[in-house]
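These notes concern the structure reproduced below.
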Amino acid sequence: MSQGNFILREPEYEALLSILRKLLVDASAKVAFLVDKNGTLLGSVGDAVGFDTTSLASLAAGNIAATGGLANLIGEKEFSILFHEGERDNMHLSVVAERLILVIVFGRRSSIGLVRLRVRQATARLTAVMATALAASDEEPGGIEELTEADIESLFK
Amino acid sequence: MSFINYSTREINCKIVYYGPGLGGKTTNLQFIYKRMNPESRGKMISLATESERTLFFDFLPLSLGEIRGFKTRFHLYTVPGQVFYDASRRLILRGVDGVVFCADSQLTRVDANEESMENLRANLREQGYDPDRLPLVIQYNKRDLPRIASLAELHALLNRRNVPELEASAVMGAGVFETLKAVIKMVLIDLKRGGRQ
């Protein structure tokens, strides 16, 4: 895992979104989100209008972190899949490549079995893209070197 | 560990407000939320107990405009201050880019501050961070109250790294934005260097 900043470039970002789009169709889901374990949204596909995606990312990460804490208490490394069942919609969360969280929202048009199957298939592809992204990120100097004191000050004006 | 998305031209940084229970961490975020332009702030989430003490975390996303063509997004979190919520605190420190240590200036809370600072350092180490290098700002909160420790005393107890320190009264809003600005500056300077580890 990269020890500096995580830098995601366009080819890998587009590849991740493309996998999400296919997953959305294959799983007959409503929305798919990819979230960093630190709580940052990487991308979403589907009808995300009406969702507070920033909050969703933060709470999904909190949810995975908390259940990871529970897992440790019983001697497990982590619980890699979570499922929340609602009256109308359901949510499936799974850990991808140890550092991302894949969130799928689906309704009655789909089923937990189908979602699990499609997520498993997509996870292998997402993991491969993340390996490329992390390798590229490790080779980068990792920062924005041209950033000046004046740039930083300009944020507060 | 900041997350930079070159495709969407976004920089995301995580800032955690740490400190003893009832020291004013949530109050800092509430004041920022109230005073920020609604276009710059997201929804504030508080996962609190019925008595409004933070159970897991508070979360406030802020967008502060562009820098070198990158949109800057800062995710502010608080940790639960009470001693027994240590597991939650460790989880929230994951991926942190900068910390605000919110100290309670009241004389009766001197020990609690020291204990919390030690706890911060231990938890940072456990998450693989060097507690002597992570961007840190110390806020001496509750300066408006009677029976408070002097700045020199607090400095000697808590600020061995000699990091930026600010006086505040989060309830009144004094020093809140100055603290936020100080930590954001440190985080961005760190980002320029390409991460601290």
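Labeling convention for the structure tokens: chains A, B, ... as they appear, residues from 1 per chain, ligands from 1 in order of appearance.
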At most 8 Å is the cut-off: for each residue in chain A with any atom that close to an atom of chain B, write down the nearest atom pair and the distance in Å rounded to one decimal, counting only C-alpha atoms, chain first then increasing number, as a tab-separated table.
residue	atom	partner	partner_atom	distance
A:Gln3	CA	B:Gln197	CA	6.0
A:Gly4	CA	B:Gly195	CA	4.6
A:Asn5	CA	B:Met1	CA	4.8
A:Phe6	CA	B:Phe3	CA	4.8
A:Ile7	CA	B:Ile4	CA	4.8
A:Leu8	CA	B:Asn5	CA	4.8
A:Arg9	CA	B:Tyr6	CA	5.1
A:Glu10	CA	B:Ser7	CA	4.5
A:Tyr13	CA	B:Ser7	CA	6.8
A:Asn38	CA	B:Gly95	CA	5.4
A:Thr40	CA	B:Asn12	CA	7.2
A:Thr54	CA	B:Pro61	CA	7.5
A:Ser55	CA	B:Lys43	CA	7.2
A:Ser58	CA	B:Phe59	CA	7.7
A:Gly62	CA	B:Ile92	CA	7.7
A:Ala65	CA	B:Leu91	CA	6.1
A:Ala66	CA	B:Leu91	CA	7.4
A:Gly69	CA	B:Ala87	CA	7.3
A:Pro141	CA	B:Gly194	CA	6.0
A:Gly142	CA	B:Gly194	CA	4.3
A:Gly143	CA	B:Gly194	CA	3.7
A:Ile144	CA	B:Lys192	CA	4.9
A:Glu145	CA	B:Lys192	CA	5.0
A:Glu146	CA	B:Lys192	CA	7.4
A:Leu147	CA	B:Lys192	CA	6.1
A:Asp151	CA	B:Ile67	CA	6.1
A:Ile152	CA	B:Lys185	CA	6.5
A:Ser154	CA	B:Ile67	CA	7.9
A:Leu155	CA	B:Leu64	CA	6.2
A:Phe156	CA	B:Lys181	CA	7.5
What would the file look like if the residues just selected were written as a PDB file, in the first residue's frame with C-alpha atoms?
ATOM      1  CA  GLN A   3       2.566   5.356   2.220  1.00  0.00           C
ATOM      2  CA  GLY A   4       2.274   8.821   0.647  1.00  0.00           C
ATOM      3  CA  ASN A   5      -0.767  10.492  -0.871  1.00  0.00           C
ATOM      4  CA  PHE A   6      -3.001   8.358  -3.033  1.00  0.00           C
ATOM      5  CA  ILE A   7      -3.127   9.722  -6.561  1.00  0.00           C
ATOM      6  CA  LEU A   8      -5.769   8.487  -8.974  1.00  0.00           C
ATOM      7  CA  ARG A   9      -5.185   9.290 -12.646  1.00  0.00           C
ATOM      8  CA  GLU A  10      -7.678   9.406 -15.483  1.00  0.00           C
ATOM      9  CA  TYR A  13     -10.466   6.360 -12.727  1.00  0.00           C
ATOM     10  CA  ASN A  38     -10.959   6.846   4.871  1.00  0.00           C
ATOM     11  CA  THR A  40     -13.846   9.803   0.541  1.00  0.00           C
ATOM     12  CA  THR A  54     -20.431  12.779   0.643  1.00  0.00           C
ATOM     13  CA  SER A  55     -22.255  11.745   3.813  1.00  0.00           C
ATOM     14  CA  SER A  58     -18.251   8.914   5.270  1.00  0.00           C
ATOM     15  CA  GLY A  62     -17.502   4.399   9.463  1.00  0.00           C
ATOM     16  CA  ALA A  65     -14.489   0.490  10.284  1.00  0.00           C
ATOM     17  CA  ALA A  66     -16.879  -0.251  13.155  1.00  0.00           C
ATOM     18  CA  GLY A  69     -13.484  -3.380  15.076  1.00  0.00           C
ATOM     19  CA  PRO A 141       6.330  12.172  -5.993  1.00  0.00           C
ATOM     20  CA  GLY A 142       2.882  12.302  -4.422  1.00  0.00           C
ATOM     21  CA  GLY A 143       2.288  15.969  -3.938  1.00  0.00           C
ATOM     22  CA  ILE A 144       1.541  19.117  -5.808  1.00  0.00           C
ATOM     23  CA  GLU A 145       4.988  20.567  -5.802  1.00  0.00           C
ATOM     24  CA  GLU A 146       4.207  23.883  -7.391  1.00  0.00           C
ATOM     25  CA  LEU A 147       1.859  24.776  -4.511  1.00  0.00           C
ATOM     26  CA  ASP A 151      -1.894  29.627  -3.256  1.00  0.00           C
ATOM     27  CA  ILE A 152      -2.675  28.378   0.223  1.00  0.00           C
ATOM     28  CA  SER A 154      -5.815  32.421  -1.505  1.00  0.00           C
ATOM     29  CA  LEU A 155      -8.118  29.723  -0.133  1.00  0.00           C
ATOM     30  CA  PHE A 156      -8.993  31.873   2.858  1.00  0.00           C
TER      31      PHE A 156
END
DSSP on the backbone, then: every residue of chain A marked strand (DSSP E), written as an MDAnalysis selection string.
chainID A and resid 6:8 31:36 41:46 81:85 90:96 100:106
Next, dump the selected residues to file, keeping only N, CA and C atoms, as an mmCIF file, in the first residue's frame.
data_model
loop_
_atom_site.group_PDB
_atom_site.id
_atom_site.type_symbol
_atom_site.label_atom_id
_atom_site.label_comp_id
_atom_site.auth_asym_id
_atom_site.auth_seq_id
_atom_site.Cartn_x
_atom_site.Cartn_y
_atom_site.Cartn_z
ATOM 1 N N PHE A 6 -2.490 9.267 -2.004
ATOM 2 C CA PHE A 6 -3.001 8.358 -3.033
ATOM 3 C C PHE A 6 -3.456 9.189 -4.230
ATOM 4 N N ILE A 7 -2.826 8.944 -5.358
ATOM 5 C CA ILE A 7 -3.127 9.722 -6.561
ATOM 6 C C ILE A 7 -3.839 8.825 -7.565
ATOM 7 N N LEU A 8 -5.009 9.264 -7.994
ATOM 8 C CA LEU A 8 -5.769 8.487 -8.974
ATOM 9 C C LEU A 8 -5.767 9.262 -10.289
ATOM 10 N N VAL A 31 -27.912 2.123 -7.761
ATOM 11 C CA VAL A 31 -26.730 2.993 -7.664
ATOM 12 C C VAL A 31 -25.541 2.156 -7.191
ATOM 13 N N ALA A 32 -24.372 2.516 -7.653
ATOM 14 C CA ALA A 32 -23.143 1.898 -7.137
ATOM 15 C C ALA A 32 -22.151 3.006 -6.799
ATOM 16 N N PHE A 33 -21.549 2.896 -5.636
ATOM 17 C CA PHE A 33 -20.558 3.883 -5.181
ATOM 18 C C PHE A 33 -19.248 3.167 -4.889
ATOM 19 N N LEU A 34 -18.165 3.870 -5.137
ATOM 20 C CA LEU A 34 -16.860 3.376 -4.720
ATOM 21 C C LEU A 34 -16.284 4.403 -3.746
ATOM 22 N N VAL A 35 -15.959 3.931 -2.556
ATOM 23 C CA VAL A 35 -15.577 4.832 -1.470
ATOM 24 C C VAL A 35 -14.217 4.402 -0.917
ATOM 25 N N ASP A 36 -13.381 5.368 -0.598
ATOM 26 C CA ASP A 36 -12.121 5.081 0.068
ATOM 27 C C ASP A 36 -12.419 4.705 1.521
ATOM 28 N N LEU A 41 -15.413 9.754 -1.284
ATOM 29 C CA LEU A 41 -16.069 9.162 -2.452
ATOM 30 C C LEU A 41 -15.133 9.196 -3.656
ATOM 31 N N LEU A 42 -14.926 8.041 -4.299
ATOM 32 C CA LEU A 42 -14.117 8.017 -5.527
ATOM 33 C C LEU A 42 -14.999 8.229 -6.748
ATOM 34 N N GLY A 43 -16.146 7.616 -6.751
ATOM 35 C CA GLY A 43 -17.037 7.776 -7.895
ATOM 36 C C GLY A 43 -18.348 7.059 -7.674
ATOM 37 N N SER A 44 -19.359 7.462 -8.447
ATOM 38 C CA SER A 44 -20.657 6.789 -8.340
ATOM 39 C C SER A 44 -21.267 6.670 -9.722
ATOM 40 N N VAL A 45 -22.091 5.645 -9.918
ATOM 41 C CA VAL A 45 -22.845 5.500 -11.163
ATOM 42 C C VAL A 45 -24.285 5.166 -10.802
ATOM 43 N N GLY A 46 -25.185 5.426 -11.760
ATOM 44 C CA GLY A 46 -26.599 5.187 -11.491
ATOM 45 C C GLY A 46 -27.269 6.476 -11.079
ATOM 46 N N ILE A 81 -18.032 -8.244 4.005
ATOM 47 C CA ILE A 81 -19.311 -7.940 3.361
ATOM 48 C C ILE A 81 -20.344 -7.561 4.422
ATOM 49 N N LEU A 82 -21.088 -6.497 4.147
ATOM 50 C CA LEU A 82 -22.208 -6.095 5.024
ATOM 51 C C LEU A 82 -23.456 -5.973 4.168
ATOM 52 N N PHE A 83 -24.577 -6.326 4.753
ATOM 53 C CA PHE A 83 -25.828 -6.225 4.009
ATOM 54 C C PHE A 83 -26.876 -5.562 4.906
ATOM 55 N N HIS A 84 -27.513 -4.528 4.388
ATOM 56 C CA HIS A 84 -28.563 -3.836 5.141
ATOM 57 C C HIS A 84 -29.863 -3.944 4.356
ATOM 58 N N GLU A 85 -30.878 -4.479 5.003
ATOM 59 C CA GLU A 85 -32.145 -4.696 4.322
ATOM 60 C C GLU A 85 -33.148 -3.628 4.737
ATOM 61 N N ASN A 90 -32.283 -1.914 -0.487
ATOM 62 C CA ASN A 90 -31.277 -2.607 0.320
ATOM 63 C C ASN A 90 -29.890 -2.078 -0.039
ATOM 64 N N MET A 91 -28.966 -2.309 0.867
ATOM 65 C CA MET A 91 -27.605 -1.830 0.623
ATOM 66 C C MET A 91 -26.614 -2.967 0.877
ATOM 67 N N HIS A 92 -25.712 -3.138 -0.054
ATOM 68 C CA HIS A 92 -24.679 -4.168 0.061
ATOM 69 C C HIS A 92 -23.328 -3.460 0.054
ATOM 70 N N LEU A 93 -22.523 -3.696 1.078
ATOM 71 C CA LEU A 93 -21.199 -3.064 1.154
ATOM 72 C C LEU A 93 -20.135 -4.157 1.179
ATOM 73 N N SER A 94 -19.091 -3.967 0.415
ATOM 74 C CA SER A 94 -18.012 -4.955 0.443
ATOM 75 C C SER A 94 -16.667 -4.259 0.298
ATOM 76 N N VAL A 95 -15.659 -4.870 0.883
ATOM 77 C CA VAL A 95 -14.314 -4.303 0.842
ATOM 78 C C VAL A 95 -13.617 -4.792 -0.421
ATOM 79 N N VAL A 96 -12.972 -3.862 -1.116
ATOM 80 C CA VAL A 96 -12.282 -4.172 -2.370
ATOM 81 C C VAL A 96 -10.811 -3.783 -2.227
ATOM 82 N N LEU A 100 -10.717 -0.030 -0.522
ATOM 83 C CA LEU A 100 -11.926 0.606 -1.056
ATOM 84 C C LEU A 100 -13.173 -0.109 -0.546
ATOM 85 N N ILE A 101 -14.286 0.590 -0.605
ATOM 86 C CA ILE A 101 -15.571 0.000 -0.230
ATOM 87 C C ILE A 101 -16.509 0.166 -1.416
ATOM 88 N N LEU A 102 -17.087 -0.950 -1.829
ATOM 89 C CA LEU A 102 -18.056 -0.932 -2.928
ATOM 90 C C LEU A 102 -19.447 -0.961 -2.307
ATOM 91 N N VAL A 103 -20.236 0.062 -2.618
ATOM 92 C CA VAL A 103 -21.590 0.165 -2.052
ATOM 93 C C VAL A 103 -22.605 0.012 -3.185
ATOM 94 N N ILE A 104 -23.523 -0.942 -3.034
ATOM 95 C CA ILE A 104 -24.560 -1.160 -4.047
ATOM 96 C C ILE A 104 -25.926 -0.940 -3.397
ATOM 97 N N VAL A 105 -26.742 -0.105 -4.022
ATOM 98 C CA VAL A 105 -28.124 0.072 -3.560
ATOM 99 C C VAL A 105 -29.027 -0.610 -4.586
ATOM 100 N N PHE A 106 -29.880 -1.505 -4.106
ATOM 101 C CA PHE A 106 -30.762 -2.212 -5.045
ATOM 102 C C PHE A 106 -32.144 -2.415 -4.432
#
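Residue nearest Val99 in chain B within the list B:Ala48, B:Ala112, B:Asn141, B:Leu124: B:Leu124 [criterion: smallest interatomic distance, only C-alpha atoms].
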Name all residues at most 6 Å from Ala103 in chain B (count only C-alpha atoms; drop same-chain ones fewer than 3 positions away) and give them as number ranges by chain.
B: 19, 113, 139-141
Next, dump the selected residues to file, keeping only N, CA and C atoms, as an mmCIF file, in the first residue's frame.
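What ended up in part13.cif:
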data_model
loop_
_atom_site.group_PDB
_atom_site.id
_atom_site.type_symbol
_atom_site.label_atom_id
_atom_site.label_comp_id
_atom_site.auth_asym_id
_atom_site.auth_seq_id
_atom_site.Cartn_x
_atom_site.Cartn_y
_atom_site.Cartn_z
ATOM 1 N N GLY B 19 -9.282 15.305 21.514
ATOM 2 C CA GLY B 19 -9.155 15.963 22.814
ATOM 3 C C GLY B 19 -10.030 15.297 23.849
ATOM 4 N N ASN B 113 -6.441 16.593 29.766
ATOM 5 C CA ASN B 113 -5.754 17.026 28.540
ATOM 6 C C ASN B 113 -4.500 16.198 28.294
ATOM 7 N N GLN B 139 -5.438 23.790 20.118
ATOM 8 C CA GLN B 139 -6.361 24.879 20.470
ATOM 9 C C GLN B 139 -6.602 24.835 21.983
ATOM 10 N N TYR B 140 -6.326 25.957 22.652
ATOM 11 C CA TYR B 140 -6.650 26.055 24.081
ATOM 12 C C TYR B 140 -8.046 26.654 24.165
ATOM 13 N N ASN B 141 -9.002 25.796 24.394
ATOM 14 C CA ASN B 141 -10.405 26.209 24.346
ATOM 15 C C ASN B 141 -10.884 26.670 25.732
#
